[in-house]
Every structure is written in structure tokens, then in C-alpha cells.
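The structure under discussion appears below in the form of C-alpha cells.
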Amino acid sequence: MKLVTVGDVMVDVIAERLPKAGERAHGNVELRAGGSAVNAACVAAGLGAAAEVVGRIGNDFAGELVQSTLEQRGVVARLARDEELPTGTAVALHDAVIANRGANARLSPEDLPSPLRGDALLVSGFALFQEGSGEAARAALGRFDGEWTAVDLASPRLASLDFDARVVFATKAEAAAVPGLTERFEIVCFKDDYGVARMQPFGAGDAYAAAFLVALADGAGEAAALERARAAAAGAAVS
């Protein structure tokens, strides 16, 4: 079983707390490869599936970190190199996040294999609904040669329903922002339905989507796939 992910490729910087204004604080700071496409592909690989990431990075140290992480996890990396823009970065200070899309904003159809082959495709809403990368994200959905196509809505502020896919992942807030979601698509999954308090700022929803699609494409029924998705999301939320 193979999962292909298309979308944001980032480096995440995670600090354990938000300092007070003007404070020079000490605390744990973690630097790691991230972004929705990377997170989901790594979870799929951890579940024993073949995984492939399609995205765009800068020609910089951050891009090398992403590339090496994917290689270590056994994930195929189809990452175009941007000579001008840096690799995308997201900085989390406790529950506050600031992100620079960087090279993600110039993901283009030329960066995609044609056709895209796999058993399931997951396209990030961050790529689909934002300027610069939307054409590539739609091209991925159109080019995919496989059974299951899926989109993660990614943000209530960005979400819309102007795409074709079989599966949609949404939080309850994202679903509320786009009335008619459940009538429009074959399967709608609420990725914030995993039963534990989130301790990590990134990755739980990506783990949910990856585990659901891996299970579904491997022949599990929808109920069994949901159980696996909730378990994966709960693990990612606290670790």
C-alpha cells in the first residue's frame, strides 16, 4: 500500500512556552522536519506503508534537514529546490504559531510527477487554498492514478469546497466554515475526534489522515479505519 502526500514541507521550531514581553527565557526548544505532507508521510511509513512526499524546499540547511529526515524514515522525497525562497518554517511558542510558507508558496504543476501513482493521495489545504500553490494541488488531484483521493481542509479561514476528492478531513471548526461538506463528499472525517487533550502543536491531524487512508486503502472498513486514525492522532497529540 502506498500513500502519496502533496503539500506543505516545513521545518518546525517548537518552544515549550511563550515568554513574557521582553523576557529572555530558558526552556526546551525542538527543531524538526514538519509540515502536513511530511508529517502524514512519516506516520504512514511508521505504519508499514510505502510513502512519498511531493513538495518544494529551499536550497538551504532547513531543506537538507527535511530531506535527510525523510530518507531516515524510508519516505520517498520528491522535493523541488527553490533557489530564491527558503524552506518553509513554522515556529510554535506554546500554543501560539507563526509560519513562513517560503518555497511552499511556489509549488507548481511542474514539480509533480505525471501521473502520480499510489493507492491513496492526501493533499493539504494549506497548499490547495493559498495563492501560489493552488494550481499544483489541483493538478495533483487530477493526475492521481489510484483509488482514494483526500483533502485536509487545514484551516477554517482558508477552507472552501471547490475541489473534487473522495475523502475530506476537517476539524469541527473547519466544517462549520463550509456548509454542505457532508453532503458534497463521499467520506468526511473529523480529525479532532481522538479523545485526548493535545499537548503538541503540530501533527495530530496529519497522523489521523495518514492512518485513516492507510487503513482504508489496505481494505479496512470505514469504522475500523476511524479507530486506527483516532489512535494515531492521540499518539501524535501527546508525544
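Residue numbers start at 1 in each chain; chains themselves are named A, B, ... in the order of the C-alpha cells; ligands are numbered from 1 in the order shown.
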
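With only C-alpha atoms taken into account, the protein and nucleic acid residues at most 9 Å from Ala197 (chain A) (excluding it and anything under 3 positions from it in its own chain) are Tyr194, Ala234, Ala237 and Val238 of chain A.
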
Please, which residues in region 43-133 of chain A fall within 7 Å of region 5-13 of chain A when counting only C-alpha atoms, and what is the closest atom pair and distance in Å to one decimal for each, ordered by chain then residue number, as JSON lines?
{"residue": "A:Glu52", "atom": "CA", "partner": "A:Thr5", "partner_atom": "CA", "distance": 6.2}
{"residue": "A:Val53", "atom": "CA", "partner": "A:Thr5", "partner_atom": "CA", "distance": 5.0}
{"residue": "A:Val54", "atom": "CA", "partner": "A:Val6", "partner_atom": "CA", "distance": 4.9}
{"residue": "A:Gly55", "atom": "CA", "partner": "A:Gly7", "partner_atom": "CA", "distance": 5.8}
{"residue": "A:Arg56", "atom": "CA", "partner": "A:Val9", "partner_atom": "CA", "distance": 6.7}
{"residue": "A:Ile57", "atom": "CA", "partner": "A:Val9", "partner_atom": "CA", "distance": 6.9}
{"residue": "A:Ala62", "atom": "CA", "partner": "A:Val11", "partner_atom": "CA", "distance": 6.3}
{"residue": "A:Thr87", "atom": "CA", "partner": "A:Met10", "partner_atom": "CA", "distance": 6.3}
{"residue": "A:Gly88", "atom": "CA", "partner": "A:Met10", "partner_atom": "CA", "distance": 4.6}
{"residue": "A:Thr89", "atom": "CA", "partner": "A:Val11", "partner_atom": "CA", "distance": 4.8}
{"residue": "A:Ala90", "atom": "CA", "partner": "A:Asp12", "partner_atom": "CA", "distance": 4.9}
{"residue": "A:Val91", "atom": "CA", "partner": "A:Val13", "partner_atom": "CA", "distance": 4.6}
{"residue": "A:Ala92", "atom": "CA", "partner": "A:Val13", "partner_atom": "CA", "distance": 6.1}
{"residue": "A:Asn104", "atom": "CA", "partner": "A:Asp8", "partner_atom": "CA", "distance": 5.8}
{"residue": "A:Leu121", "atom": "CA", "partner": "A:Thr5", "partner_atom": "CA", "distance": 5.8}
{"residue": "A:Leu122", "atom": "CA", "partner": "A:Thr5", "partner_atom": "CA", "distance": 4.8}
{"residue": "A:Val123", "atom": "CA", "partner": "A:Val6", "partner_atom": "CA", "distance": 4.9}
{"residue": "A:Ser124", "atom": "CA", "partner": "A:Gly7", "partner_atom": "CA", "distance": 4.9}
{"residue": "A:Phe126", "atom": "CA", "partner": "A:Asp8", "partner_atom": "CA", "distance": 6.7}
{"residue": "A:Ala127", "atom": "CA", "partner": "A:Gly7", "partner_atom": "CA", "distance": 5.1}

Those residues with C-alpha atoms, as an mmCIF file, in the first residue's frame please?
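As a result, out14.cif now contains:
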data_model
loop_
_atom_site.group_PDB
_atom_site.id
_atom_site.type_symbol
_atom_site.label_atom_id
_atom_site.label_comp_id
_atom_site.auth_asym_id
_atom_site.auth_seq_id
_atom_site.Cartn_x
_atom_site.Cartn_y
_atom_site.Cartn_z
ATOM 1 C CA GLU A 52 6.045 9.544 -0.920
ATOM 2 C CA VAL A 53 6.133 13.308 -0.339
ATOM 3 C CA VAL A 54 5.783 15.802 -3.178
ATOM 4 C CA GLY A 55 6.659 19.380 -2.291
ATOM 5 C CA ARG A 56 9.097 22.242 -2.601
ATOM 6 C CA ILE A 57 12.000 23.298 -0.366
ATOM 7 C CA ALA A 62 16.437 23.504 6.547
ATOM 8 C CA THR A 87 12.325 26.199 3.105
ATOM 9 C CA GLY A 88 9.073 26.921 4.924
ATOM 10 C CA THR A 89 9.277 27.355 8.689
ATOM 11 C CA ALA A 90 6.692 27.203 11.468
ATOM 12 C CA VAL A 91 7.531 28.443 14.959
ATOM 13 C CA ALA A 92 5.347 27.352 17.875
ATOM 14 C CA ASN A 104 5.835 26.070 -0.448
ATOM 15 C CA LEU A 121 -3.399 10.638 -2.177
ATOM 16 C CA LEU A 122 -3.548 13.274 0.569
ATOM 17 C CA VAL A 123 -3.466 16.940 -0.478
ATOM 18 C CA SER A 124 -3.025 19.633 2.147
ATOM 19 C CA PHE A 126 -2.572 24.812 3.041
ATOM 20 C CA ALA A 127 -1.348 24.136 -0.495
#

Running DSSP on the backbone, which parts of region 30-192 of chain A land in strand (DSSP E or B), as an mmCIF file with C-alpha atoms, in the first residue's frame?
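Output file out-v1.cif follows:
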data_model
loop_
_atom_site.group_PDB
_atom_site.id
_atom_site.type_symbol
_atom_site.label_atom_id
_atom_site.label_comp_id
_atom_site.auth_asym_id
_atom_site.auth_seq_id
_atom_site.Cartn_x
_atom_site.Cartn_y
_atom_site.Cartn_z
ATOM 1 C CA GLU A 30 12.900 21.385 19.369
ATOM 2 C CA LEU A 31 13.829 21.619 15.680
ATOM 3 C CA ARG A 32 12.390 19.004 13.335
ATOM 4 C CA ALA A 33 11.121 18.308 9.844
ATOM 5 C CA GLY A 34 7.413 19.005 9.615
ATOM 6 C CA ALA A 50 5.154 2.936 1.329
ATOM 7 C CA ALA A 51 5.078 6.734 1.425
ATOM 8 C CA GLU A 52 6.045 9.544 -0.920
ATOM 9 C CA VAL A 53 6.133 13.308 -0.339
ATOM 10 C CA VAL A 54 5.783 15.802 -3.178
ATOM 11 C CA GLY A 55 6.659 19.380 -2.291
ATOM 12 C CA ARG A 56 9.097 22.242 -2.601
ATOM 13 C CA ILE A 57 12.000 23.298 -0.366
ATOM 14 C CA GLY A 58 14.713 25.904 -0.404
ATOM 15 C CA VAL A 76 10.489 8.831 -0.963
ATOM 16 C CA ALA A 77 11.113 12.581 -1.240
ATOM 17 C CA ARG A 78 10.169 14.319 -4.488
ATOM 18 C CA LEU A 79 11.196 17.789 -3.390
ATOM 19 C CA ALA A 80 11.849 20.527 -5.921
ATOM 20 C CA ARG A 81 14.545 23.027 -4.918
ATOM 21 C CA ASP A 82 13.819 26.728 -4.964
ATOM 22 C CA GLY A 88 9.073 26.921 4.924
ATOM 23 C CA THR A 89 9.277 27.355 8.689
ATOM 24 C CA ALA A 90 6.692 27.203 11.468
ATOM 25 C CA VAL A 91 7.531 28.443 14.959
ATOM 26 C CA ALA A 92 5.347 27.352 17.875
ATOM 27 C CA LEU A 93 5.624 29.173 21.200
ATOM 28 C CA ALA A 96 0.929 30.408 19.513
ATOM 29 C CA VAL A 97 2.215 29.708 15.991
ATOM 30 C CA ILE A 98 3.785 31.863 13.292
ATOM 31 C CA ALA A 99 4.643 30.405 9.894
ATOM 32 C CA ASN A 100 6.542 31.448 6.789
ATOM 33 C CA LEU A 116 1.008 10.430 -9.575
ATOM 34 C CA ARG A 117 0.721 6.763 -8.706
ATOM 35 C CA ALA A 120 -4.171 6.945 -1.729
ATOM 36 C CA LEU A 121 -3.399 10.638 -2.177
ATOM 37 C CA LEU A 122 -3.548 13.274 0.569
ATOM 38 C CA VAL A 123 -3.466 16.940 -0.478
ATOM 39 C CA SER A 124 -3.025 19.633 2.147
ATOM 40 C CA PHE A 144 -3.587 10.885 -9.413
ATOM 41 C CA ASP A 145 -3.692 7.302 -10.651
ATOM 42 C CA TRP A 148 -8.505 7.170 -2.897
ATOM 43 C CA THR A 149 -8.148 10.950 -3.151
ATOM 44 C CA ALA A 150 -8.319 13.049 0.003
ATOM 45 C CA VAL A 151 -8.007 16.675 1.089
ATOM 46 C CA ASP A 152 -7.294 18.038 4.562
ATOM 47 C CA VAL A 167 -12.390 11.874 1.375
ATOM 48 C CA VAL A 168 -12.197 15.128 3.328
ATOM 49 C CA PHE A 169 -10.575 15.648 6.722
ATOM 50 C CA ALA A 170 -11.785 18.588 8.795
ATOM 51 C CA ILE A 187 -16.452 10.380 3.368
ATOM 52 C CA VAL A 188 -15.951 13.236 5.837
ATOM 53 C CA CYS A 189 -13.755 12.616 8.882
ATOM 54 C CA PHE A 190 -13.487 14.926 11.881
#

For Glu147 (chain A), find every residue with an atom within 12 Å (counting only C-alpha atoms), except residues of its own chain fewer than 5 positions away, and show them as a list in words. Met1, Lys2, Leu3, Val4, Leu116, Arg117, Gly118, Asp119, Ala120, Leu121, Leu122, Leu141, Ala165, Arg166, Val167, Leu213, Val214, Leu216, Ala217, Asp218 and Gly219 of chain A

Which polymer residues have any atom within 9 Å of an atom of Ala215 (chain A), counting only C-alpha atoms, with same-chain residues fewer than 2 positions away left out, as a compact mmCIF listing (two decimals) with N, CA, C and O atoms, in the first residue's frame?
# COMPACT_ATOMS: atom_id res chain seq x y z
N ALA A 210 -3.37 10.25 7.79
CA ALA A 210 -2.50 9.20 7.25
C ALA A 210 -2.97 7.82 7.66
O ALA A 210 -3.07 6.89 6.84
N ALA A 211 -3.27 7.64 8.94
CA ALA A 211 -3.68 6.32 9.43
C ALA A 211 -5.01 5.90 8.81
O ALA A 211 -5.21 4.73 8.47
N PHE A 212 -5.93 6.85 8.66
CA PHE A 212 -7.22 6.52 8.05
C PHE A 212 -7.03 6.05 6.61
O PHE A 212 -7.59 5.02 6.20
N LEU A 213 -6.25 6.78 5.83
CA LEU A 213 -6.07 6.43 4.43
C LEU A 213 -5.30 5.13 4.25
O LEU A 213 -5.61 4.33 3.37
N ALA A 217 -7.13 2.16 2.32
CA ALA A 217 -6.55 1.62 1.09
C ALA A 217 -6.08 0.19 1.25
O ALA A 217 -5.94 -0.54 0.26
N ASP A 218 -5.87 -0.22 2.50
CA ASP A 218 -5.44 -1.59 2.77
C ASP A 218 -6.63 -2.54 2.94
O ASP A 218 -6.45 -3.70 3.28
N GLY A 219 -7.84 -2.02 2.73
CA GLY A 219 -9.01 -2.88 2.74
C GLY A 219 -9.86 -2.83 3.99
O GLY A 219 -10.87 -3.53 4.07
N ALA A 220 -9.49 -2.02 4.97
CA ALA A 220 -10.29 -1.92 6.19
C ALA A 220 -11.60 -1.18 5.89
O ALA A 220 -11.65 -0.32 5.01
N GLY A 221 -12.61 -1.48 6.62
CA GLY A 221 -13.85 -0.74 6.52
C GLY A 221 -13.70 0.64 7.15
O GLY A 221 -12.73 0.92 7.87
N GLU A 222 -14.69 1.50 6.91
CA GLU A 222 -14.60 2.87 7.41
C GLU A 222 -14.53 2.91 8.93
O GLU A 222 -13.76 3.70 9.50
N ALA A 224 -13.33 0.66 11.07
CA ALA A 224 -12.00 0.22 11.52
C ALA A 224 -10.95 1.27 11.20
O ALA A 224 -10.04 1.53 12.00
N ALA A 225 -11.06 1.91 10.04
CA ALA A 225 -10.11 2.95 9.67
C ALA A 225 -10.20 4.14 10.62
O ALA A 225 -9.18 4.73 10.99
N LEU A 226 -11.41 4.48 11.05
CA LEU A 226 -11.58 5.58 12.00
C LEU A 226 -10.93 5.25 13.34
O LEU A 226 -10.31 6.13 13.97
N ARG A 228 -8.34 3.34 13.87
CA ARG A 228 -6.89 3.45 13.69
C ARG A 228 -6.47 4.91 13.59
O ARG A 228 -5.41 5.31 14.10
N ALA A 229 -7.29 5.71 12.94
CA ALA A 229 -6.99 7.13 12.81
C ALA A 229 -6.99 7.82 14.18
O ALA A 229 -6.10 8.62 14.50

If DSSP is run on the backbone, what residues of region 8-214 of chain A are alpha helix (DSSP H)? A reply as a count of residues only would be ideal.
59

From the list A:Val38, A:Ala236, A:Glu131, A:Gly48, the nearest residue to Leu65 (chain A) using only C-alpha atoms is A:Val38

Subject >> Best match for closeness to Glu71 (chain A) among A:Leu85, A:Ala139, A:Ala21, A:Cys42, counting only C-alpha atoms >> reply: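 Among the listed residues, A:Cys42 lies closest to Glu71 (chain A).
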
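Proximity to Glu227 (chain A) was assessed for A:Asp193, A:Glu23, A:Asp206, A:Asp164 counting only C-alpha atoms; the smallest distance is recorded for A:Asp193.
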